[in-house]
>>> print(open('coords-v2.cif').read())   # mmCIF, C-alpha atoms
data_my_file
#
loop_
_atom_site.label_atom_id
_atom_site.label_comp_id
_atom_site.auth_asym_id
_atom_site.auth_seq_id
_atom_site.Cartn_x
_atom_site.Cartn_y
_atom_site.Cartn_z
CA MET A 1 -18.61 0.54 -6.66
CA ASN A 2 -21.05 0.71 -3.80
CA THR A 3 -22.74 4.10 -4.17
CA GLU A 4 -23.86 4.31 -0.55
CA LYS A 5 -21.74 6.21 1.93
CA ILE A 6 -18.75 4.13 3.00
CA PRO A 7 -18.50 4.09 6.83
CA ASP A 8 -15.68 6.22 8.30
CA ILE A 9 -14.31 3.21 10.11
CA ILE A 10 -13.61 1.47 6.78
CA ILE A 11 -12.00 4.61 5.33
CA GLY A 12 -9.85 4.71 8.47
CA ARG A 13 -8.51 1.22 7.75
CA LEU A 14 -7.55 1.88 4.11
CA PRO A 15 -4.25 3.67 4.97
CA ILE A 16 -3.29 0.66 7.10
CA TYR A 17 -3.96 -1.71 4.18
CA LEU A 18 -1.99 0.58 1.88
CA ARG A 19 1.00 0.69 4.22
CA ALA A 20 1.03 -3.13 4.46
CA LEU A 21 0.83 -3.43 0.66
CA GLN A 22 3.70 -0.96 0.23
CA ARG A 23 5.73 -2.98 2.71
CA LEU A 24 5.08 -6.11 0.59
CA THR A 25 6.25 -4.22 -2.51
CA GLU A 26 9.48 -3.28 -0.73
CA GLN A 27 9.97 -6.99 -0.05
CA GLY A 28 9.44 -7.79 -3.74
CA ILE A 29 6.05 -9.46 -3.17
CA HIS A 30 3.52 -8.81 -5.94
CA ASN A 31 0.62 -11.04 -4.92
CA THR A 32 -1.06 -11.32 -1.57
CA SER A 33 -4.17 -12.61 0.17
CA SER A 34 -6.50 -11.25 2.79
CA GLN A 35 -4.99 -13.87 5.13
CA GLU A 36 -1.45 -12.60 4.61
CA LEU A 37 -2.49 -8.96 4.98
CA GLY A 38 -4.50 -9.85 8.06
CA GLU A 39 -1.50 -11.46 9.74
CA MET A 40 0.64 -8.41 8.97
CA ILE A 41 -1.72 -5.91 10.53
CA GLY A 42 -3.82 -7.84 13.01
CA ILE A 43 -7.19 -7.48 11.26
CA SER A 44 -9.25 -10.56 10.29
CA ALA A 45 -9.09 -11.77 6.68
CA ALA A 46 -12.90 -11.62 6.49
CA GLN A 47 -12.91 -7.97 7.58
CA ILE A 48 -10.27 -7.06 5.01
CA ARG A 49 -12.18 -8.82 2.19
CA LYS A 50 -15.40 -7.09 3.24
CA ASP A 51 -13.76 -3.66 3.47
CA ILE A 52 -12.04 -3.90 0.09
CA SER A 53 -15.13 -5.30 -1.63
CA GLN A 54 -16.96 -2.06 -0.75
CA PHE A 55 -15.03 -0.45 -3.59
CA GLY A 56 -15.35 -3.16 -6.24
CA GLU A 57 -14.00 -6.58 -7.14
CA PHE A 58 -10.23 -6.30 -6.73
CA GLY A 59 -9.30 -9.86 -5.82
CA LYS A 60 -9.97 -13.24 -7.37
CA GLN A 61 -11.19 -16.23 -5.40
CA GLY A 62 -8.17 -18.48 -4.93
CA THR A 63 -5.55 -16.19 -6.48
CA GLY A 64 -5.80 -13.26 -4.08
CA TYR A 65 -4.88 -9.64 -4.79
CA SER A 66 -2.38 -8.12 -7.18
CA VAL A 67 -0.32 -5.88 -4.88
CA PRO A 68 0.48 -3.09 -7.42
CA PHE A 69 -3.13 -3.03 -8.67
CA LEU A 70 -4.59 -2.85 -5.17
CA ILE A 71 -2.09 -0.11 -4.19
CA GLU A 72 -3.12 1.90 -7.24
CA ARG A 73 -6.83 1.46 -6.51
CA LEU A 74 -6.49 2.33 -2.81
CA GLN A 75 -4.43 5.44 -3.67
CA ALA A 76 -7.14 6.51 -6.13
CA ILE A 77 -9.92 5.91 -3.57
CA MET A 78 -8.03 7.87 -0.90
CA LYS A 79 -7.18 10.57 -3.50
CA ILE A 80 -3.47 10.24 -2.83
CA ASN A 81 -2.67 9.41 -6.46
CA ARG A 82 -1.51 13.04 -6.45
CA ILE A 83 0.63 15.10 -4.06
CA TRP A 84 -1.20 17.31 -1.54
CA ASP A 85 0.47 20.47 -0.29
CA VAL A 86 0.51 20.63 3.51
CA ILE A 87 1.48 23.37 5.97
CA ILE A 88 2.86 23.13 9.50
CA VAL A 89 1.53 25.58 12.07
CA GLY A 90 3.73 25.80 15.17
CA MET A 91 7.47 25.22 14.85
CA GLY A 92 8.32 23.72 18.23
CA ASP A 93 9.89 20.26 18.63
CA ILE A 94 7.09 18.45 16.79
CA GLY A 95 6.87 21.07 14.03
CA HIS A 96 10.61 20.69 13.45
CA ALA A 97 10.35 16.90 13.41
CA LEU A 98 7.52 17.05 10.85
CA ALA A 99 9.34 19.61 8.68
CA ARG A 100 12.43 17.37 8.59
CA TYR A 101 10.52 14.11 8.10
CA ASN A 102 11.23 12.68 4.64
CA GLY A 103 8.43 10.11 4.65
CA PHE A 104 5.61 12.33 3.39
CA VAL A 105 6.27 12.64 -0.34
CA ASN A 106 5.98 8.95 -1.19
CA ARG A 107 2.76 8.83 0.87
CA GLY A 108 1.03 11.66 -1.04
CA PHE A 109 2.04 14.81 0.86
CA ASN A 110 4.49 17.68 0.50
CA VAL A 111 5.20 20.20 3.26
CA VAL A 112 5.28 23.62 1.57
CA LEU A 113 4.88 26.30 4.24
CA LEU A 114 5.85 26.67 7.92
CA PHE A 115 4.33 29.13 10.39
CA ASP A 116 5.04 30.30 13.93
CA ASN A 117 4.36 33.47 15.87
CA ASP A 118 7.67 33.58 17.76
CA PRO A 119 9.75 36.50 16.34
CA GLY A 120 12.87 34.48 17.21
CA LYS A 121 11.77 31.70 14.84
CA ILE A 122 10.25 33.73 11.98
CA GLY A 123 12.71 33.92 9.09
CA GLN A 124 14.68 30.83 10.16
CA LYS A 125 14.86 27.92 7.75
CA VAL A 126 14.05 24.28 8.45
CA ASN A 127 14.71 21.76 5.69
CA ASN A 128 15.09 24.66 3.22
CA LEU A 129 11.68 26.11 4.10
CA GLU A 130 11.42 29.53 5.74
CA ILE A 131 9.28 29.97 8.85
CA TYR A 132 6.66 32.67 8.23
CA SER A 133 4.71 34.76 10.70
CA MET A 134 1.26 33.44 11.54
CA ASP A 135 -0.01 36.93 10.70
CA THR A 136 0.51 36.04 7.04
CA MET A 137 -1.02 32.57 7.31
CA VAL A 138 -4.58 33.19 6.10
CA GLU A 139 -3.34 35.10 3.06
CA LYS A 140 -0.62 32.57 2.10
CA VAL A 141 -2.88 29.55 2.59
CA LYS A 142 -5.60 31.11 0.44
CA GLN A 143 -3.12 32.12 -2.27
CA ASN A 144 -1.70 28.62 -2.46
CA LYS A 145 -5.11 26.93 -2.11
CA ILE A 146 -3.81 24.71 0.72
CA LYS A 147 -6.40 22.28 2.10
CA ILE A 148 -4.36 20.40 4.73
CA ALA A 149 -2.57 21.60 7.88
CA MET A 150 -0.64 19.97 10.70
CA LEU A 151 -1.30 21.92 13.88
CA THR A 152 1.45 21.70 16.51
CA VAL A 153 0.92 24.87 18.55
CA PRO A 154 0.39 24.75 22.35
CA ALA A 155 -3.10 23.77 23.55
CA SER A 156 -3.86 27.36 24.56
CA ALA A 157 -3.32 28.61 21.00
CA ALA A 158 -4.82 25.69 19.07
CA GLN A 159 -8.49 26.71 18.79
CA GLU A 160 -7.65 30.20 17.54
CA ALA A 161 -5.14 28.82 15.03
CA ALA A 162 -7.72 26.26 13.86
CA GLU A 163 -10.25 29.05 13.28
CA GLN A 164 -7.74 30.94 11.14
CA LEU A 165 -7.05 27.77 9.16
CA VAL A 166 -10.76 27.27 8.55
CA LYS A 167 -11.08 30.90 7.47
CA ALA A 168 -8.24 30.32 5.01
CA GLY A 169 -10.03 27.35 3.43
CA VAL A 170 -8.25 24.42 5.13
CA LYS A 171 -10.47 21.30 5.20
CA ALA A 172 -8.26 18.78 6.99
CA ILE A 173 -6.32 19.36 10.23
CA LEU A 174 -3.92 16.92 11.86
CA ASN A 175 -4.10 18.14 15.46
CA TYR A 176 -1.17 17.50 17.81
CA ALA A 177 -2.47 19.85 20.50
CA PRO A 178 -4.03 17.97 23.42
CA ILE A 179 -7.42 19.66 23.08
CA HIS A 180 -10.59 19.09 21.10
CA LEU A 181 -10.98 21.56 18.22
CA SER A 182 -14.39 23.02 17.40
CA VAL A 183 -14.58 23.31 13.62
CA PRO A 184 -17.37 23.31 11.03
CA LYS A 185 -18.73 19.92 9.93
CA ASP A 186 -16.99 20.02 6.55
CA VAL A 187 -13.55 20.31 8.19
CA HIS A 188 -11.94 17.00 9.12
CA VAL A 189 -9.76 16.65 12.19
CA GLN A 190 -7.49 13.79 13.14
CA HIS A 191 -5.93 13.86 16.58
CA ILE A 192 -2.46 12.53 17.36
CA ASP A 193 -2.27 12.02 21.08
CA PRO A 194 0.45 9.76 22.53
CA ALA A 195 -1.41 9.23 25.83
CA THR A 196 -4.41 7.76 23.98
CA HIS A 197 -2.14 5.33 22.16
CA LEU A 198 -0.44 4.31 25.41
CA GLN A 199 -3.87 3.74 27.00
CA ARG A 200 -4.74 1.37 24.17
CA MET A 201 -1.97 -0.96 25.37
CA THR A 202 -2.17 -0.88 29.18
CA TYR A 203 -5.35 -3.01 29.13
CA TYR A 204 -3.21 -5.92 27.94
CA LEU A 205 -0.38 -5.52 30.47
CA MET B 1 -18.64 -8.52 33.19
CA ASN B 2 -18.50 -10.44 29.95
CA THR B 3 -15.86 -13.10 30.49
CA GLU B 4 -15.17 -13.66 26.79
CA LYS B 5 -12.28 -11.86 25.16
CA ILE B 6 -13.18 -8.24 24.42
CA PRO B 7 -12.34 -7.38 20.78
CA ASP B 8 -9.28 -5.16 20.31
CA ILE B 9 -11.36 -2.67 18.36
CA ILE B 10 -13.53 -2.02 21.44
CA ILE B 11 -10.48 -1.67 23.69
CA GLY B 12 -9.14 0.83 21.14
CA ARG B 13 -12.22 3.02 21.56
CA LEU B 14 -12.13 3.14 25.38
CA PRO B 15 -9.39 5.85 25.54
CA ILE B 16 -11.51 7.99 23.20
CA TYR B 17 -14.54 7.61 25.48
CA LEU B 18 -12.37 8.41 28.49
CA ARG B 19 -10.99 11.57 26.90
CA ALA B 20 -14.51 12.76 26.06
CA LEU B 21 -15.67 12.07 29.62
CA GLN B 22 -12.68 13.96 31.05
CA ARG B 23 -13.52 16.87 28.77
CA LEU B 24 -17.09 16.85 30.16
CA THR B 25 -15.66 16.91 33.71
CA GLU B 26 -13.55 19.96 32.83
CA GLN B 27 -16.77 21.62 31.68
CA GLY B 28 -18.45 20.79 35.00
CA ILE B 29 -20.80 18.19 33.45
CA HIS B 30 -21.44 15.17 35.68
CA ASN B 31 -24.07 13.27 33.74
CA THR B 32 -24.05 12.29 30.10
CA SER B 33 -25.73 10.04 27.56
CA SER B 34 -24.48 7.84 24.75
CA GLN B 35 -26.06 10.42 22.38
CA GLU B 36 -24.04 13.29 23.86
CA LEU B 37 -20.80 11.28 23.88
CA GLY B 38 -21.50 10.15 20.32
CA GLU B 39 -21.88 13.72 19.09
CA MET B 40 -18.61 14.70 20.78
CA ILE B 41 -16.54 11.97 19.18
CA GLY B 42 -18.39 10.96 16.01
CA ILE B 43 -19.31 7.40 17.05
CA SER B 44 -22.95 6.24 17.06
CA ALA B 45 -24.81 6.18 20.38
CA ALA B 46 -25.73 2.52 19.76
CA GLN B 47 -22.06 1.59 19.30
CA ILE B 48 -21.07 3.40 22.50
CA ARG B 49 -23.82 1.68 24.52
CA LYS B 50 -22.83 -1.70 23.10
CA ASP B 51 -19.11 -1.15 23.79
CA ILE B 52 -19.61 0.02 27.36
CA SER B 53 -22.12 -2.74 28.14
CA GLN B 54 -19.35 -5.30 27.44
CA PHE B 55 -17.95 -4.40 30.84
CA GLY B 56 -21.15 -4.31 32.87
CA GLU B 57 -24.21 -2.17 33.48
CA PHE B 58 -22.87 1.35 33.94
CA GLY B 59 -25.77 3.43 32.68
CA LYS B 60 -29.45 3.60 33.49
CA GLN B 61 -32.17 3.67 30.85
CA GLY B 62 -33.40 7.26 30.69
CA THR B 63 -30.89 8.76 33.12
CA GLY B 64 -27.66 8.02 31.21
CA TYR B 65 -24.19 7.69 32.67
CA SER B 66 -22.60 9.23 35.75
CA VAL B 67 -19.46 10.86 34.32
CA PRO B 68 -17.17 10.36 37.37
CA PHE B 69 -18.33 6.75 37.83
CA LEU B 70 -17.78 5.88 34.17
CA ILE B 71 -14.34 7.57 34.21
CA GLU B 72 -13.38 5.52 37.24
CA ARG B 73 -14.60 2.28 35.68
CA LEU B 74 -12.89 2.92 32.34
CA GLN B 75 -9.62 3.79 34.10
CA ALA B 76 -9.85 0.53 36.06
CA ILE B 77 -10.59 -1.51 32.92
CA MET B 78 -7.67 0.09 31.06
CA LYS B 79 -5.47 -0.30 34.17
CA ILE B 80 -4.66 3.40 34.28
CA ASN B 81 -6.02 3.82 37.81
CA ARG B 82 -2.29 3.83 38.64
CA ILE B 83 0.74 5.59 37.12
CA TRP B 84 2.85 3.60 34.64
CA ASP B 85 6.55 4.42 34.29
CA VAL B 86 7.52 5.02 30.68
CA ILE B 87 10.89 5.50 28.95
CA ILE B 88 11.77 7.44 25.80
CA VAL B 89 14.28 5.86 23.42
CA GLY B 90 15.72 8.35 20.93
CA MET B 91 16.10 11.99 21.97
CA GLY B 92 15.63 13.79 18.65
CA ASP B 93 12.88 16.36 18.06
CA ILE B 94 10.05 13.98 18.93
CA GLY B 95 11.86 12.54 21.96
CA HIS B 96 12.36 16.08 23.26
CA ALA B 97 8.72 16.96 22.63
CA LEU B 98 7.56 13.86 24.51
CA ALA B 99 9.99 14.46 27.41
CA ARG B 100 8.67 18.01 27.80
CA TYR B 101 5.00 17.12 27.35
CA ASN B 102 3.12 17.68 30.59
CA GLY B 103 -0.04 15.80 29.61
CA PHE B 104 1.03 12.28 30.55
CA VAL B 105 0.70 12.22 34.33
CA ASN B 106 -3.03 12.92 34.51
CA ARG B 107 -3.55 10.26 31.83
CA GLY B 108 -1.76 7.49 33.72
CA PHE B 109 1.89 7.79 32.62
CA ASN B 110 5.15 9.17 33.95
CA VAL B 111 8.29 9.52 31.85
CA VAL B 112 11.16 8.31 34.03
CA LEU B 113 14.17 7.54 31.80
CA LEU B 114 15.56 8.94 28.52
CA PHE B 115 18.00 7.14 26.20
CA ASP B 116 20.04 8.04 23.13
CA ASN B 117 23.27 6.76 21.62
CA ASP B 118 24.64 10.15 20.52
CA PRO B 119 27.62 10.99 22.81
CA GLY B 120 26.72 14.67 22.30
CA LYS B 121 23.33 14.11 23.93
CA ILE B 122 24.22 11.61 26.65
CA GLY B 123 24.45 13.40 30.01
CA GLN B 124 22.27 16.35 28.93
CA LYS B 125 19.07 17.01 30.82
CA VAL B 126 15.57 17.45 29.39
CA ASN B 127 12.78 18.40 31.79
CA ASN B 128 15.09 17.47 34.71
CA LEU B 129 15.75 13.97 33.36
CA GLU B 130 19.23 12.96 32.27
CA ILE B 131 19.75 11.32 28.89
CA TYR B 132 21.46 7.94 29.35
CA SER B 133 23.46 5.88 26.88
CA MET B 134 21.48 3.16 25.12
CA ASP B 135 24.25 0.78 26.22
CA THR B 136 22.77 0.96 29.71
CA MET B 137 19.15 0.61 28.59
CA VAL B 138 18.53 -3.11 29.09
CA GLU B 139 20.02 -3.01 32.58
CA LYS B 140 18.16 0.15 33.68
CA VAL B 141 14.81 -0.99 32.26
CA LYS B 142 15.11 -4.37 33.99
CA GLN B 143 16.14 -2.76 37.29
CA ASN B 144 13.18 -0.39 37.23
CA LYS B 145 10.75 -3.05 35.90
CA ILE B 146 9.62 -0.71 33.09
CA LYS B 147 6.96 -2.19 30.81
CA ILE B 148 6.27 0.72 28.41
CA ALA B 149 8.57 2.52 25.95
CA MET B 150 8.13 5.29 23.38
CA LEU B 151 10.48 4.59 20.49
CA THR B 152 11.56 7.66 18.52
CA VAL B 153 14.83 6.53 16.93
CA PRO B 154 15.39 6.67 13.14
CA ALA B 155 13.80 3.88 11.08
CA SER B 156 17.19 2.23 10.50
CA ALA B 157 17.75 1.82 14.27
CA ALA B 158 14.19 0.97 15.34
CA GLN B 159 14.13 -2.84 14.98
CA GLU B 160 17.36 -3.29 16.93
CA ALA B 161 16.19 -0.93 19.66
CA ALA B 162 12.86 -2.77 19.83
CA GLU B 163 14.67 -6.08 20.29
CA GLN B 164 16.68 -4.63 23.18
CA LEU B 165 13.46 -3.34 24.75
CA VAL B 166 11.86 -6.77 24.46
CA LYS B 167 14.98 -8.33 26.01
CA ALA B 168 14.65 -5.88 28.89
CA GLY B 169 11.05 -6.92 29.54
CA VAL B 170 9.12 -4.11 27.83
CA LYS B 171 5.62 -5.24 26.80
CA ALA B 172 4.21 -2.12 25.13
CA ILE B 173 5.97 0.05 22.53
CA LEU B 174 4.66 3.29 21.08
CA ASN B 175 6.52 3.33 17.77
CA TYR B 176 7.20 6.66 16.04
CA ALA B 177 9.63 5.15 13.53
CA PRO B 178 8.07 4.72 10.08
CA ILE B 179 8.68 0.96 9.95
CA HIS B 180 6.90 -2.18 11.08
CA LEU B 181 8.49 -3.73 14.18
CA SER B 182 8.81 -7.51 14.47
CA VAL B 183 8.23 -8.37 18.11
CA PRO B 184 6.95 -11.42 20.01
CA LYS B 185 3.16 -11.83 20.26
CA ASP B 186 2.99 -10.79 23.90
CA VAL B 187 4.51 -7.38 23.09
CA HIS B 188 2.02 -4.71 22.02
CA VAL B 189 2.94 -2.06 19.47
CA GLN B 190 1.03 1.09 18.59
CA HIS B 191 2.24 3.07 15.62
CA ILE B 192 2.08 6.87 15.41
CA ASP B 193 2.45 7.80 11.77
CA PRO B 194 1.37 11.27 10.59
CA ALA B 195 1.08 10.19 6.93
CA THR B 196 -1.49 7.52 7.84
CA HIS B 197 -3.57 10.11 9.71
CA LEU B 198 -3.38 12.52 6.76
CA GLN B 199 -4.49 9.73 4.41
CA ARG B 200 -7.56 9.17 6.57
CA MET B 201 -8.75 12.65 5.64
CA THR B 202 -7.92 13.06 1.93
CA TYR B 203 -10.76 10.69 0.96
CA TYR B 204 -13.20 13.38 2.12
CA LEU B 205 -11.53 16.34 0.35
#
>>> encode(input="coords-v2.cif", output="structure tokens")
Amino acid sequence: MNTEKIPDIIIGRLPIYLRALQRLTEQGIHNTSSQELGEMIGISAAQIRKDISQFGEFGKQGTGYSVPFLIERLQAIMKINRIWDVIIVGMGDIGHALARYNGFVNRGFNVVLLFDNDPGKIGQKVNNLEIYSMDTMVEKVKQNKIKIAMLTVPASAAQEAAEQLVKAGVKAILNYAPIHLSVPKDVHVQHIDPATHLQRMTYYL
Amino acid sequence: MNTEKIPDIIIGRLPIYLRALQRLTEQGIHNTSSQELGEMIGISAAQIRKDISQFGEFGKQGTGYSVPFLIERLQAIMKINRIWDVIIVGMGDIGHALARYNGFVNRGFNVVLLFDNDPGKIGQKVNNLEIYSMDTMVEKVKQNKIKIAMLTVPASAAQEAAEQLVKAGVKAILNYAPIHLSVPKDVHVQHIDPATHLQRMTYYL
């Protein structure tokens, strides 16, 4: 394996490769090529070969990639060959949708705790999980050594909630609030913002 | 302007630049540099300069970029110097969240029609918009010349709904369903998938 730092942009493409490979598995396909993957996801075959080769020699010239082997290797590289516990902070519409979503476990994640600060929501259950008060969040996250949170509180509450998460030891935040979060350098933030995704398409219309 | 085709990956970064520039405006900052932008969004200054220079000479050596001018240019390039009508298909938790979200209009989008096929939801109002039956979708989308849809139906219903949207003339779909959509080449799809975003962070944990 290349011992130099792998660029973030390559790491960002690995989940897309993994999803395509898992789709091939569902279709009963056990061998693939960078060409086939490229056509599925709209990335050039050369780019895919270059990205994957950063981590070792996984394919053979002429015979392509073994789908199960490449899935296993990508999962190991991304550290999702285990299940990560995840919390949801903010139980509005999006929090509910995430709590009910059944597509996390086979992708490496398990939602274990839900938080909100609305007394009308605290104590309710969503998908068999109780909603806890945000007052107990730092303590519960520390106790359970949670490293990953999905943040779906309103924009006005997001920075403060993020600071509490950082205090509790969270190192990865999936931010649904439409603001930029200021967090320490060792905390990773991914932003889900529908307007940004829409703007990526209007250029072509 | 460069008359060759601009790579998709550059187009994909423009909304991120725009959001950073709009954040600077909110902070009362009217001039910026590729260094400052780069620090805000985690992309190298050289990459930002290269991307922006694809569209013309917008910055001056030594004095940087005028924030309002660059915002205006990026909005024109992305064709969001107008408001695009958008529909929501599927009024579950995510559909409701999107219908209530007030961050679209100042980003170039306006939600105008909601659809679901649950008789219990049809006729209800969300954010002053009535939920219509999906049976009327093709007709209403054609009538209103809608080009953009957000698709938040269950995975099992997504491909069929996408085909109806294509039939109605939609050219851009923001897909929240956890499946790959097969659509003609001239239809653009962006996928919002929380598991993929989480997987982009576990590598670093």
>>> resolve_selection(input="coords-v2.cif", expression="the PyMOL selection byres ((chain A and resi 169) around 8)", output="PyMOL selection string")
chain A and resi 141-142+145-147+165-168+170-171
>>> write_last_selection(input="coords-v2.cif", atoms="C-alpha atoms", output="compact mmCIF listing (two decimals), in the coordinates of the input")
# COMPACT_ATOMS: atom_id res chain seq x y z
CA VAL A 141 -2.88 29.55 2.59
CA LYS A 142 -5.60 31.11 0.44
CA LYS A 145 -5.11 26.93 -2.11
CA ILE A 146 -3.81 24.71 0.72
CA LYS A 147 -6.40 22.28 2.10
CA LEU A 165 -7.05 27.77 9.16
CA VAL A 166 -10.76 27.27 8.55
CA LYS A 167 -11.08 30.90 7.47
CA ALA A 168 -8.24 30.32 5.01
CA VAL A 170 -8.25 24.42 5.13
CA LYS A 171 -10.47 21.30 5.20
>>> residues_around(input="coords-v2.cif", residues="segment 86-91 of chain B", least_positions_apart="4", cutoff="7 Å", atoms="only C-alpha atoms", output="list in words")
Gly95, His96, Phe109, Asn110, Val111, Val112, Leu113, Leu114, Phe115, Asp116, Ile146, Ile148, Ala149, Met150, Leu151, Thr152 and Val153 of chain B
>>> interface_residues(input="coords-v2.cif", of="chain A", to="chain B", cutoff="6 Å", atoms="only C-alpha atoms", output="list in words")
Gly12, Pro15, Met78, Lys79, Asp93, Ile94, Ala97, Thr196, Arg200, Thr202 and Tyr203 of chain A
>>> residues_around(input="coords-v2.cif", residues="Thr32 of chain A", least_positions_apart="4", cutoff="9 Å", atoms="only C-alpha atoms", output="list of chain:residue names")
A:Leu21, A:Leu24, A:Glu36, A:Leu37, A:Thr63, A:Gly64, A:Tyr65, A:Ser66, A:Val67
>>> residues_around(input="coords-v2.cif", residues="Ser133 of chain A", least_positions_apart="2", cutoff="8 Å", atoms="all atoms listed in the file", output="PyMOL selection string")
chain A and resi 115-119+122+131+135-137
>>> atom_distance(input="coords-v2.cif", atom1="atom CA of Gln47 of chain B", atom2="atom CA of Ala45 of chain A")
22.5 Å
>>> atom_distance(input="coords-v2.cif", atom1="atom CA of Ala155 of chain A", atom2="atom CA of Ala177 of chain A")
5.0 Å
>>> atom_distance(input="coords-v2.cif", atom1="atom CA of Ala161 of chain B", atom2="atom CA of Val183 of chain B")
11.0 Å
>>> axis_aligned_box(input="coords-v2.cif", around="segment 151-166 of chain A", padding_each_side="4 Å", output="JSON")
{"center_x": -4.7, "center_y": 26.3, "center_z": 16.6, "size_x": 20.2, "size_y": 17.2, "size_z": 24.0}
